[in-house]
Amino acid sequence: MNTRSHYDVVIIGAGMSGLAAGIRLAHFGRKVCIFERHNAVGGLNGFYSFRGRKFDVGLHAMTNFVRPGVKGTPLTKLLRQLRIDRDELALSEQRQSRIAFGPHGELSLRFSNDFALLETEIAARFPAQIDGFRRLLATVRSFDDVALDGPALSARAVVRAHVSDPVLEDMLFCPLMYYGSATEQDMDFGQFVIMFKALFLEGFARPLEGVRVVLRVLLAKYRAAGGERRMKCGVRRLVVREGRAVAVELDDGAEVTADHVLSSIGGPETARLIDPHAAAASPPPGRLSFVETIAIHDRAPADLGWGEDTIVFFNESDRFDYARPDAPVDLRSGVLCVPNNFDYGPDRGLPEGVVRVTCLANYDSWAGLAPAAYAEAKGRWFGAMQASARRFVAGGGGVVPAPVATDMFTPKTIEKFTGHLGGAVYGSPTKNRRGHTPVANVYLCGTDQGFLGIVGAMLSGISMANLHVLSRG
Amino acid sequence: MTKDECKKLVLDIIADIAPDEDLSNVKPDVRLRDQLQLDSMDFLDIVMELRKRHGIEVPEADYMQLASLDSSAEYLTPRFNALADKR
């Protein structure tokens, strides 16, 4: 008797893209198994409990939010493809977000899930630029951002053709880069369009209970469709013969054979599974990583002077510098997220106040620290980051009482839990829209396929499952 | 199976893959794409649901036959009936 397992499709990684791909494949009768090295699902968008509290990682907000009835957008496509009823996600909309520039956020552009607000703000603050901005908008709207074979274009160059004020240019780039760019200082225009639509033309929302709601829905669909899942069971090698993967070798040494392998772990990381000695031929690992601080308070952040904004993208310098810093953390810019400031409806809300601050970080300076120095650096930067972000909220002058609990992740944490080399949250700057690898039946999905954000990640899994497995009959 | 029953089966599939569409007034002679918001991903799903639920294979070269309800019924009804005869 043959006791070895064989699957039509093996999926590496139980993040958003792997789960979404799994649902599609299992729904249409493929024998599929997801292998996940950790004991939790979610990957870059996970959750955990720590000292009796529930924390989210990754997710500040679900982007791409549109209200019921709006069709043809990524969220709608995703709900259809995964047979999810939008009520299952129980999304609550943001109140209002802001891009705040200058040493104290003097120059600010508000935006919300109604695009008209951003347009009005730009017309008021940058009257000479509004016509150019509207031309840029027309270019964005007509661009086919989900094409799998788009040309590479510098987003900076396209934006500058319409917007001549470098401050407005940087203000538009700041949120889009922070929420999805794997490239320093510039973006591919296709990525820019995806992010522009996801943040500005569509919007932010979140389930009251956070990302765990989304993951719970995905897991339930996957299970109901007959998909299998093995946790704490990573893939350490792809067994390749004559240009095809014939099996995956698991961390415990067992081999599982498969017709197709979908890898959500990243381009360079997948290349190392194929051949650990040919790393030079692999796509370059990303350079951008982050530190995030989470402060829990015994009352709403608004009552502590953190303002009513849902998310604030801030920058103090003359030019916004989206690059790996030399210092462990770059305090000059970042993202402040207050999960309490979503509109959860009357009498619904988070049990405690939560303030999250994210800044660019240098992987090498964190990875090289011995345990004691690492703990000391975390303590020092925690205070510095929260204080830096506080400059950008109205009424942020007062003293904040010490949080009742804190947590913090660094590039080292990200690398440990996601497997992304260098803690590169958005993966390699080299994206591969069709998901091809040097091995014929191994495909990428997720971060390095190039559809970003939570909705993008799920669409990536769906698209690659459709393209490489389902539409081939 | 009659052509009307066949149209009903196709509509049932569309109702499941696109529950946010109003299907109460779909005109059988007008292309589905022109009256509903259906993209190529949705058409792939119609094809795959036909296979999953009814064992009907639609090769890629024939996808265009599913453009409208009328053309779908024209194309699918004989295939449904041939399958029923075999059973």
# chains A, B, ... in the order shown; residues from 1 in each chain; ligands from 1
>>> closest_atom_pairs(of="chain B", to="chain A", cutoff="12 Å", atoms="only C-alpha atoms", output="CSV")
residue,atom,partner,partner_atom,distance
B:Ile13,CA,A:Arg83,CA,11.9
B:Ile14,CA,A:Arg80,CA,10.4
B:Ala15,CA,A:Arg80,CA,10.4
B:Asp16,CA,A:Arg83,CA,7.8
B:Ile17,CA,A:Arg80,CA,5.7
B:Ala18,CA,A:Arg80,CA,5.9
B:Pro19,CA,A:Arg80,CA,7.7
B:Asp20,CA,A:Gly69,CA,7.2
B:Glu21,CA,A:Gly69,CA,8.7
B:Asp22,CA,A:Gly69,CA,10.5
B:Leu36,CA,A:Lys71,CA,10.0
B:Gln37,CA,A:Gly72,CA,6.9
B:Leu38,CA,A:Gly72,CA,8.2
B:Asp39,CA,A:Gly72,CA,8.1
B:Ser40,CA,A:Asn466,CA,10.7
B:Met41,CA,A:Gln81,CA,7.8
B:Asp42,CA,A:Gln81,CA,7.7
B:Phe43,CA,A:Ser471,CA,10.8
B:Leu44,CA,A:Ser471,CA,7.2
B:Asp45,CA,A:Gln81,CA,8.0
B:Ile46,CA,A:Gln81,CA,11.2
B:Val47,CA,A:Ser471,CA,9.5
B:Met48,CA,A:Phe28,CA,7.1
B:Glu49,CA,A:Phe28,CA,7.8
B:Leu50,CA,A:Phe28,CA,10.7
B:Arg51,CA,A:Phe28,CA,9.0
B:Lys52,CA,A:Phe28,CA,6.7
B:Arg53,CA,A:Phe28,CA,9.9
B:Glu57,CA,A:Gly473,CA,9.3
B:Val58,CA,A:Gly473,CA,9.7
B:Pro59,CA,A:Gly473,CA,8.6
B:Glu60,CA,A:Ser471,CA,8.7
B:Tyr63,CA,A:Ser471,CA,11.8
>>> residues_around(residues="region 69-80 of chain B", least_positions_apart="6", cutoff="8 Å", atoms="only C-alpha atoms", output="list in words")
Met1, Thr2, Lys3, Asp4, Cys6, Lys7, Val10, Lys27, Pro28, Asp29, Val30, Arg31, Leu32 and Ile56 of chain B
>>> write_last_selection(atoms="all heavy atoms", output="JSON list (two decimals), in the first residue's frame")
[["chain", "number", "residue", "atom", "x", "y", "z"],
["B", 1, "MET", "N", -34.88, 17.57, -20.55],
["B", 1, "MET", "CA", -34.83, 18.95, -20.05],
["B", 1, "MET", "C", -35.23, 19.93, -21.14],
["B", 1, "MET", "O", -34.82, 19.79, -22.29],
["B", 1, "MET", "CB", -33.40, 19.25, -19.58],
["B", 1, "MET", "CG", -33.26, 20.70, -19.13],
["B", 1, "MET", "SD", -31.58, 21.07, -18.60],
["B", 1, "MET", "CE", -31.49, 20.17, -17.07],
["B", 2, "THR", "N", -36.05, 20.91, -20.77],
["B", 2, "THR", "CA", -36.41, 21.93, -21.75],
["B", 2, "THR", "C", -35.40, 23.08, -21.68],
["B", 2, "THR", "O", -34.63, 23.18, -20.72],
["B", 2, "THR", "CB", -37.81, 22.52, -21.45],
["B", 2, "THR", "OG1", -37.71, 23.23, -20.20],
["B", 2, "THR", "CG2", -38.85, 21.42, -21.32],
["B", 3, "LYS", "N", -35.47, 23.95, -22.71],
["B", 3, "LYS", "CA", -34.55, 25.09, -22.69],
["B", 3, "LYS", "C", -34.83, 26.03, -21.52],
["B", 3, "LYS", "O", -33.92, 26.64, -20.96],
["B", 3, "LYS", "CB", -34.62, 25.84, -24.02],
["B", 3, "LYS", "CG", -33.90, 25.05, -25.11],
["B", 3, "LYS", "CD", -33.92, 25.73, -26.46],
["B", 3, "LYS", "CE", -33.25, 24.77, -27.46],
["B", 3, "LYS", "NZ", -33.51, 25.15, -28.84],
["B", 4, "ASP", "N", -36.12, 26.15, -21.17],
["B", 4, "ASP", "CA", -36.44, 27.02, -20.03],
["B", 4, "ASP", "C", -35.86, 26.46, -18.72],
["B", 4, "ASP", "O", -35.36, 27.21, -17.89],
["B", 4, "ASP", "CB", -37.95, 27.21, -19.89],
["B", 4, "ASP", "CG", -38.47, 28.26, -20.88],
["B", 4, "ASP", "OD1", -37.62, 29.04, -21.37],
["B", 4, "ASP", "OD2", -39.68, 28.27, -21.15],
["B", 6, "CYS", "N", -33.24, 24.69, -18.51],
["B", 6, "CYS", "CA", -31.80, 24.89, -18.61],
["B", 6, "CYS", "C", -31.43, 26.33, -18.22],
["B", 6, "CYS", "O", -30.47, 26.56, -17.47],
["B", 6, "CYS", "CB", -31.35, 24.58, -20.03],
["B", 6, "CYS", "SG", -29.58, 24.76, -20.25],
["B", 7, "LYS", "N", -32.23, 27.28, -18.70],
["B", 7, "LYS", "CA", -31.96, 28.68, -18.33],
["B", 7, "LYS", "C", -32.05, 28.87, -16.82],
["B", 7, "LYS", "O", -31.28, 29.62, -16.23],
["B", 7, "LYS", "CB", -32.97, 29.62, -19.02],
["B", 7, "LYS", "CG", -32.73, 29.79, -20.49],
["B", 7, "LYS", "CD", -33.81, 30.66, -21.12],
["B", 7, "LYS", "CE", -33.93, 30.34, -22.59],
["B", 7, "LYS", "NZ", -35.06, 31.01, -23.24],
["B", 10, "VAL", "N", -28.88, 27.76, -15.19],
["B", 10, "VAL", "CA", -27.80, 28.74, -15.37],
["B", 10, "VAL", "C", -28.02, 29.94, -14.42],
["B", 10, "VAL", "O", -27.10, 30.42, -13.77],
["B", 10, "VAL", "CB", -27.71, 29.20, -16.83],
["B", 10, "VAL", "CG1", -26.69, 30.33, -16.98],
["B", 10, "VAL", "CG2", -27.32, 28.02, -17.73],
["B", 27, "LYS", "N", -32.78, 39.63, -19.34],
["B", 27, "LYS", "CA", -33.35, 39.40, -20.68],
["B", 27, "LYS", "C", -32.58, 38.26, -21.34],
["B", 27, "LYS", "O", -31.35, 38.32, -21.47],
["B", 27, "LYS", "CB", -33.24, 40.68, -21.52],
["B", 27, "LYS", "CG", -34.07, 41.83, -20.95],
["B", 27, "LYS", "CD", -33.99, 43.04, -21.88],
["B", 27, "LYS", "CE", -34.67, 44.24, -21.27],
["B", 27, "LYS", "NZ", -33.90, 44.79, -20.11],
["B", 28, "PRO", "N", -33.32, 37.23, -21.77],
["B", 28, "PRO", "CA", -32.63, 36.03, -22.26],
["B", 28, "PRO", "C", -31.85, 36.26, -23.55],
["B", 28, "PRO", "O", -30.90, 35.54, -23.82],
["B", 28, "PRO", "CB", -33.77, 35.02, -22.48],
["B", 28, "PRO", "CG", -35.02, 35.83, -22.53],
["B", 28, "PRO", "CD", -34.78, 37.07, -21.74],
["B", 29, "ASP", "N", -32.24, 37.26, -24.33],
["B", 29, "ASP", "CA", -31.58, 37.43, -25.62],
["B", 29, "ASP", "C", -30.46, 38.46, -25.59],
["B", 29, "ASP", "O", -29.82, 38.73, -26.60],
["B", 29, "ASP", "CB", -32.62, 37.82, -26.69],
["B", 29, "ASP", "CG", -33.43, 39.04, -26.26],
["B", 29, "ASP", "OD1", -33.51, 39.30, -25.03],
["B", 29, "ASP", "OD2", -33.97, 39.74, -27.13],
["B", 30, "VAL", "N", -30.21, 39.07, -24.40],
["B", 30, "VAL", "CA", -29.16, 40.08, -24.29],
["B", 30, "VAL", "C", -27.95, 39.46, -23.61],
["B", 30, "VAL", "O", -28.10, 38.63, -22.69],
["B", 30, "VAL", "CB", -29.67, 41.30, -23.47],
["B", 30, "VAL", "CG1", -28.57, 42.32, -23.24],
["B", 30, "VAL", "CG2", -30.87, 41.93, -24.17],
["B", 31, "ARG", "N", -26.77, 39.84, -24.06],
["B", 31, "ARG", "CA", -25.56, 39.28, -23.44],
["B", 31, "ARG", "C", -25.55, 39.53, -21.94],
["B", 31, "ARG", "O", -25.84, 40.64, -21.49],
["B", 31, "ARG", "CB", -24.31, 39.92, -24.06],
["B", 31, "ARG", "CG", -24.00, 39.37, -25.43],
["B", 31, "ARG", "CD", -22.84, 40.06, -26.13],
["B", 31, "ARG", "NE", -22.09, 41.00, -25.32],
["B", 31, "ARG", "CZ", -20.75, 41.06, -25.29],
["B", 31, "ARG", "NH1", -20.03, 40.21, -26.00],
["B", 31, "ARG", "NH2", -20.15, 41.97, -24.56],
["B", 32, "LEU", "N", -25.24, 38.50, -21.17],
["B", 32, "LEU", "CA", -25.22, 38.62, -19.71],
["B", 32, "LEU", "C", -24.30, 39.75, -19.27],
["B", 32, "LEU", "O", -24.61, 40.54, -18.39],
["B", 32, "LEU", "CB", -24.76, 37.30, -19.08],
["B", 32, "LEU", "CG", -25.77, 36.15, -19.20],
["B", 32, "LEU", "CD1", -25.11, 34.80, -18.92],
["B", 32, "LEU", "CD2", -26.96, 36.37, -18.25],
["B", 56, "ILE", "N", -21.15, 18.76, -16.60],
["B", 56, "ILE", "CA", -21.09, 19.26, -17.99],
["B", 56, "ILE", "C", -19.73, 19.93, -18.22],
["B", 56, "ILE", "O", -19.35, 20.82, -17.48],
["B", 56, "ILE", "CB", -22.20, 20.31, -18.22],
["B", 56, "ILE", "CG1", -23.58, 19.68, -18.02],
["B", 56, "ILE", "CG2", -22.05, 20.97, -19.58],
["B", 56, "ILE", "CD1", -24.17, 19.06, -19.23]]
>>> residues_around(residues="Phe392 (chain A)", least_positions_apart="4", cutoff="12 Å", atoms="only C-alpha atoms", output="PyMOL selection string")
chain A and resi 98-108+305-307+309+311-316+332-337+357+385-388+396-397
>>> atom_distance(atom1="CA of Arg141 (chain A)", atom2="CA of Phe173 (chain A)")
16.7 Å
>>> closest_residue(among="A:Leu208, A:Ala124, A:Ile274, A:Ile414", to="Tyr344 (chain A)", atoms="only C-alpha atoms")
A:Leu208
>>> closest_residue(among="A:Asp275, A:Phe65, A:Asn341, A:Ser5", to="Ala254 (chain A)", atoms="only C-alpha atoms")
A:Ser5
>>> residues_around(residues="Asp145 (chain A)", least_positions_apart="6", cutoff="10 Å", atoms="only C-alpha atoms", output="PyMOL selection string")
chain A and resi 189-195+197+451
>>> write_last_selection(atoms="C-alpha atoms", output="PDB file, in the first residue's frame")
ATOM      1  CA  PHE A 189       2.772  52.897 -11.388  1.00  0.00           C
ATOM      2  CA  GLY A 190       0.584  49.779 -11.455  1.00  0.00           C
ATOM      3  CA  GLN A 191       1.176  49.363  -7.711  1.00  0.00           C
ATOM      4  CA  PHE A 192       0.501  53.062  -7.189  1.00  0.00           C
ATOM      5  CA  VAL A 193      -2.867  52.716  -8.918  1.00  0.00           C
ATOM      6  CA  ILE A 194      -3.796  49.635  -6.878  1.00  0.00           C
ATOM      7  CA  MET A 195      -2.945  51.432  -3.644  1.00  0.00           C
ATOM      8  CA  LYS A 197      -7.802  52.989  -5.374  1.00  0.00           C
ATOM      9  CA  PHE A 451      -1.450  42.440  -5.182  1.00  0.00           C
TER      10      PHE A 451
END
>>> select_by_dssp(residues="region 76-222 of chain A", states="helix (DSSP H, G or I)", output="number ranges by chain")
A: 76-81, 86-89, 115-125, 127-142, 155-160, 166-178, 189-202, 211-222
>>> residues_around(residues="Tyr443 (chain A)", least_positions_apart="5", cutoff="10 Å", atoms="only C-alpha atoms", output="PDB file with all heavy atoms, in the first residue's frame")
ATOM      1  N   ILE A  11      -0.180  23.974  -0.874  1.00  0.00           N
ATOM      2  CA  ILE A  11      -0.026  25.416  -0.684  1.00  0.00           C
ATOM      3  C   ILE A  11       0.926  25.628   0.485  1.00  0.00           C
ATOM      4  O   ILE A  11       0.770  25.000   1.542  1.00  0.00           O
ATOM      5  CB  ILE A  11      -1.384  26.084  -0.398  1.00  0.00           C
ATOM      6  CG1 ILE A  11      -2.311  25.928  -1.609  1.00  0.00           C
ATOM      7  CG2 ILE A  11      -1.204  27.569  -0.056  1.00  0.00           C
ATOM      8  CD1 ILE A  11      -3.733  26.394  -1.370  1.00  0.00           C
ATOM      9  N   HIS A 260       0.803  20.362  -8.268  1.00  0.00           N
ATOM     10  CA  HIS A 260       1.115  21.797  -8.320  1.00  0.00           C
ATOM     11  C   HIS A 260       1.500  22.266  -6.919  1.00  0.00           C
ATOM     12  O   HIS A 260       0.977  21.754  -5.940  1.00  0.00           O
ATOM     13  CB  HIS A 260      -0.102  22.637  -8.727  1.00  0.00           C
ATOM     14  CG  HIS A 260      -0.737  22.240 -10.017  1.00  0.00           C
ATOM     15  ND1 HIS A 260      -0.297  22.718 -11.230  1.00  0.00           N
ATOM     16  CD2 HIS A 260      -1.793  21.438 -10.284  1.00  0.00           C
ATOM     17  CE1 HIS A 260      -1.055  22.218 -12.201  1.00  0.00           C
ATOM     18  NE2 HIS A 260      -1.977  21.432 -11.646  1.00  0.00           N
ATOM     19  N   VAL A 261       2.374  23.272  -6.867  1.00  0.00           N
ATOM     20  CA  VAL A 261       2.721  23.888  -5.590  1.00  0.00           C
ATOM     21  C   VAL A 261       2.489  25.396  -5.706  1.00  0.00           C
ATOM     22  O   VAL A 261       2.982  26.042  -6.631  1.00  0.00           O
ATOM     23  CB  VAL A 261       4.201  23.629  -5.215  1.00  0.00           C
ATOM     24  CG1 VAL A 261       4.555  24.347  -3.908  1.00  0.00           C
ATOM     25  CG2 VAL A 261       4.473  22.131  -5.089  1.00  0.00           C
ATOM     26  N   LEU A 262       1.702  25.934  -4.792  1.00  0.00           N
ATOM     27  CA  LEU A 262       1.496  27.387  -4.728  1.00  0.00           C
ATOM     28  C   LEU A 262       2.230  27.878  -3.486  1.00  0.00           C
ATOM     29  O   LEU A 262       1.916  27.447  -2.379  1.00  0.00           O
ATOM     30  CB  LEU A 262       0.006  27.691  -4.563  1.00  0.00           C
ATOM     31  CG  LEU A 262      -0.802  28.088  -5.779  1.00  0.00           C
ATOM     32  CD1 LEU A 262      -2.282  28.184  -5.406  1.00  0.00           C
ATOM     33  CD2 LEU A 262      -0.336  29.406  -6.355  1.00  0.00           C
ATOM     34  N   SER A 263       3.188  28.762  -3.670  1.00  0.00           N
ATOM     35  CA  SER A 263       3.978  29.222  -2.541  1.00  0.00           C
ATOM     36  C   SER A 263       3.645  30.672  -2.214  1.00  0.00           C
ATOM     37  O   SER A 263       3.790  31.558  -3.054  1.00  0.00           O
ATOM     38  CB  SER A 263       5.466  29.102  -2.855  1.00  0.00           C
ATOM     39  OG  SER A 263       6.208  29.744  -1.833  1.00  0.00           O
ATOM     40  N   SER A 264       3.233  30.900  -0.979  1.00  0.00           N
ATOM     41  CA  SER A 264       2.878  32.269  -0.576  1.00  0.00           C
ATOM     42  C   SER A 264       3.989  32.899   0.255  1.00  0.00           C
ATOM     43  O   SER A 264       3.800  33.964   0.827  1.00  0.00           O
ATOM     44  CB  SER A 264       1.576  32.250   0.234  1.00  0.00           C
ATOM     45  OG  SER A 264       1.790  31.688   1.514  1.00  0.00           O
ATOM     46  N   GLY A 267       9.118  35.561  -3.081  1.00  0.00           N
ATOM     47  CA  GLY A 267       9.955  35.171  -4.214  1.00  0.00           C
ATOM     48  C   GLY A 267      11.324  34.650  -3.803  1.00  0.00           C
ATOM     49  O   GLY A 267      11.692  33.508  -4.133  1.00  0.00           O
ATOM     50  N   THR A 270      11.038  31.438  -1.783  1.00  0.00           N
ATOM     51  CA  THR A 270      10.684  30.263  -2.584  1.00  0.00           C
ATOM     52  C   THR A 270      11.898  29.797  -3.386  1.00  0.00           C
ATOM     53  O   THR A 270      12.150  28.593  -3.514  1.00  0.00           O
ATOM     54  CB  THR A 270       9.502  30.591  -3.520  1.00  0.00           C
ATOM     55  OG1 THR A 270       8.405  31.032  -2.706  1.00  0.00           O
ATOM     56  CG2 THR A 270       9.074  29.380  -4.324  1.00  0.00           C
ATOM     57  N   ASN A 432       6.067  39.652  -9.409  1.00  0.00           N
ATOM     58  CA  ASN A 432       5.927  38.717 -10.501  1.00  0.00           C
ATOM     59  C   ASN A 432       4.445  38.437 -10.674  1.00  0.00           C
ATOM     60  O   ASN A 432       3.893  37.522 -10.069  1.00  0.00           O
ATOM     61  CB  ASN A 432       6.707  37.458 -10.097  1.00  0.00           C
ATOM     62  CG  ASN A 432       6.754  36.423 -11.172  1.00  0.00           C
ATOM     63  OD1 ASN A 432       5.865  36.348 -12.013  1.00  0.00           O
ATOM     64  ND2 ASN A 432       7.785  35.605 -11.146  1.00  0.00           N
ATOM     65  N   ARG A 434       2.474  37.200 -12.873  1.00  0.00           N
ATOM     66  CA  ARG A 434       1.944  35.907 -13.315  1.00  0.00           C
ATOM     67  C   ARG A 434       2.334  34.784 -12.364  1.00  0.00           C
ATOM     68  O   ARG A 434       1.898  33.658 -12.528  1.00  0.00           O
ATOM     69  CB  ARG A 434       2.395  35.587 -14.729  1.00  0.00           C
ATOM     70  CG  ARG A 434       1.902  36.612 -15.744  1.00  0.00           C
ATOM     71  CD  ARG A 434       2.104  36.147 -17.161  1.00  0.00           C
ATOM     72  NE  ARG A 434       1.090  35.187 -17.575  1.00  0.00           N
ATOM     73  CZ  ARG A 434      -0.108  35.540 -18.049  1.00  0.00           C
ATOM     74  NH1 ARG A 434      -0.429  36.797 -18.171  1.00  0.00           N
ATOM     75  NH2 ARG A 434      -0.978  34.623 -18.389  1.00  0.00           N
ATOM     76  N   GLY A 435       3.166  35.100 -11.382  1.00  0.00           N
ATOM     77  CA  GLY A 435       3.489  34.119 -10.359  1.00  0.00           C
ATOM     78  C   GLY A 435       4.415  32.998 -10.799  1.00  0.00           C
ATOM     79  O   GLY A 435       4.541  31.994 -10.100  1.00  0.00           O
ATOM     80  N   HIS A 436       5.082  33.160 -11.953  1.00  0.00           N
ATOM     81  CA  HIS A 436       5.956  32.073 -12.407  1.00  0.00           C
ATOM     82  C   HIS A 436       7.239  31.998 -11.587  1.00  0.00           C
ATOM     83  O   HIS A 436       7.745  32.996 -11.098  1.00  0.00           O
ATOM     84  CB  HIS A 436       6.313  32.258 -13.882  1.00  0.00           C
ATOM     85  CG  HIS A 436       5.177  31.958 -14.796  1.00  0.00           C
ATOM     86  ND1 HIS A 436       4.592  30.721 -14.857  1.00  0.00           N
ATOM     87  CD2 HIS A 436       4.498  32.738 -15.669  1.00  0.00           C
ATOM     88  CE1 HIS A 436       3.602  30.744 -15.748  1.00  0.00           C
ATOM     89  NE2 HIS A 436       3.518  31.966 -16.240  1.00  0.00           N
ATOM     90  N   THR A 437       7.772  30.791 -11.462  1.00  0.00           N
ATOM     91  CA  THR A 437       9.084  30.565 -10.856  1.00  0.00           C
ATOM     92  C   THR A 437       9.889  29.757 -11.877  1.00  0.00           C
ATOM     93  O   THR A 437       9.336  29.316 -12.891  1.00  0.00           O
ATOM     94  CB  THR A 437       8.968  29.745  -9.555  1.00  0.00           C
ATOM     95  OG1 THR A 437       8.592  28.408  -9.893  1.00  0.00           O
ATOM     96  CG2 THR A 437       7.943  30.335  -8.593  1.00  0.00           C
ATOM     97  N   PRO A 438      11.179  29.525 -11.606  1.00  0.00           N
ATOM     98  CA  PRO A 438      11.959  28.715 -12.556  1.00  0.00           C
ATOM     99  C   PRO A 438      11.445  27.278 -12.669  1.00  0.00           C
ATOM    100  O   PRO A 438      11.819  26.556 -13.592  1.00  0.00           O
ATOM    101  CB  PRO A 438      13.369  28.731 -11.963  1.00  0.00           C
ATOM    102  CG  PRO A 438      13.413  29.925 -11.067  1.00  0.00           C
ATOM    103  CD  PRO A 438      12.025  30.097 -10.546  1.00  0.00           C
ATOM    104  N   GLN A 449       3.687  38.190  -5.544  1.00  0.00           N
ATOM    105  CA  GLN A 449       2.931  38.214  -6.799  1.00  0.00           C
ATOM    106  C   GLN A 449       2.542  39.661  -7.085  1.00  0.00           C
ATOM    107  O   GLN A 449       2.468  40.070  -8.236  1.00  0.00           O
ATOM    108  CB  GLN A 449       1.702  37.296  -6.708  1.00  0.00           C
ATOM    109  CG  GLN A 449       0.908  37.189  -8.008  1.00  0.00           C
ATOM    110  CD  GLN A 449      -0.205  38.206  -8.105  1.00  0.00           C
ATOM    111  OE1 GLN A 449      -0.742  38.648  -7.090  1.00  0.00           O
ATOM    112  NE2 GLN A 449      -0.553  38.614  -9.315  1.00  0.00           N
ATOM    113  N   MET A 464      -4.091  33.386  -8.802  1.00  0.00           N
ATOM    114  CA  MET A 464      -3.099  32.372  -9.151  1.00  0.00           C
ATOM    115  C   MET A 464      -3.721  30.973  -9.179  1.00  0.00           C
ATOM    116  O   MET A 464      -3.374  30.153 -10.026  1.00  0.00           O
ATOM    117  CB  MET A 464      -1.911  32.434  -8.181  1.00  0.00           C
ATOM    118  CG  MET A 464      -1.086  33.718  -8.282  1.00  0.00           C
ATOM    119  SD  MET A 464      -0.360  34.023  -9.935  1.00  0.00           S
ATOM    120  CE  MET A 464      -1.449  35.307 -10.562  1.00  0.00           C
ATOM    121  N   ALA A 465      -4.659  30.702  -8.259  1.00  0.00           N
ATOM    122  CA  ALA A 465      -5.360  29.408  -8.301  1.00  0.00           C
ATOM    123  C   ALA A 465      -6.163  29.295  -9.598  1.00  0.00           C
ATOM    124  O   ALA A 465      -6.162  28.242 -10.255  1.00  0.00           O
ATOM    125  CB  ALA A 465      -6.282  29.264  -7.087  1.00  0.00           C
ATOM    126  N   HIS A 468      -3.414  29.204 -12.808  1.00  0.00           N
ATOM    127  CA  HIS A 468      -2.485  28.087 -12.983  1.00  0.00           C
ATOM    128  C   HIS A 468      -3.113  26.716 -12.760  1.00  0.00           C
ATOM    129  O   HIS A 468      -2.563  25.713 -13.195  1.00  0.00           O
ATOM    130  CB  HIS A 468      -1.293  28.250 -12.034  1.00  0.00           C
ATOM    131  CG  HIS A 468      -0.459  29.456 -12.351  1.00  0.00           C
ATOM    132  ND1 HIS A 468       0.195  29.600 -13.545  1.00  0.00           N
ATOM    133  CD2 HIS A 468      -0.197  30.585 -11.646  1.00  0.00           C
ATOM    134  CE1 HIS A 468       0.845  30.758 -13.563  1.00  0.00           C
ATOM    135  NE2 HIS A 468       0.622  31.374 -12.427  1.00  0.00           N
TER     136      HIS A 468
END
>>> residues_around(residues="Pro403 (chain A)", least_positions_apart="4", cutoff="10 Å", atoms="only C-alpha atoms", output="list in words")
Ile294, Ala295, Ile296, His297, Asp298, Arg299, Gly353, Val354 and Val355 of chain A
>>> residues_around(residues="region 16-21 of chain A", least_positions_apart="5", cutoff="9 Å", atoms="only C-alpha atoms", output="PyMOL selection string")
chain A and resi 11+26+34+41-45+78+82+214-215+218-219+222+262-264+445-447+454-466
>>> atom_distance(atom1="CA of Ala61 (chain A)", atom2="CA of Asp321 (chain A)")
23.2 Å
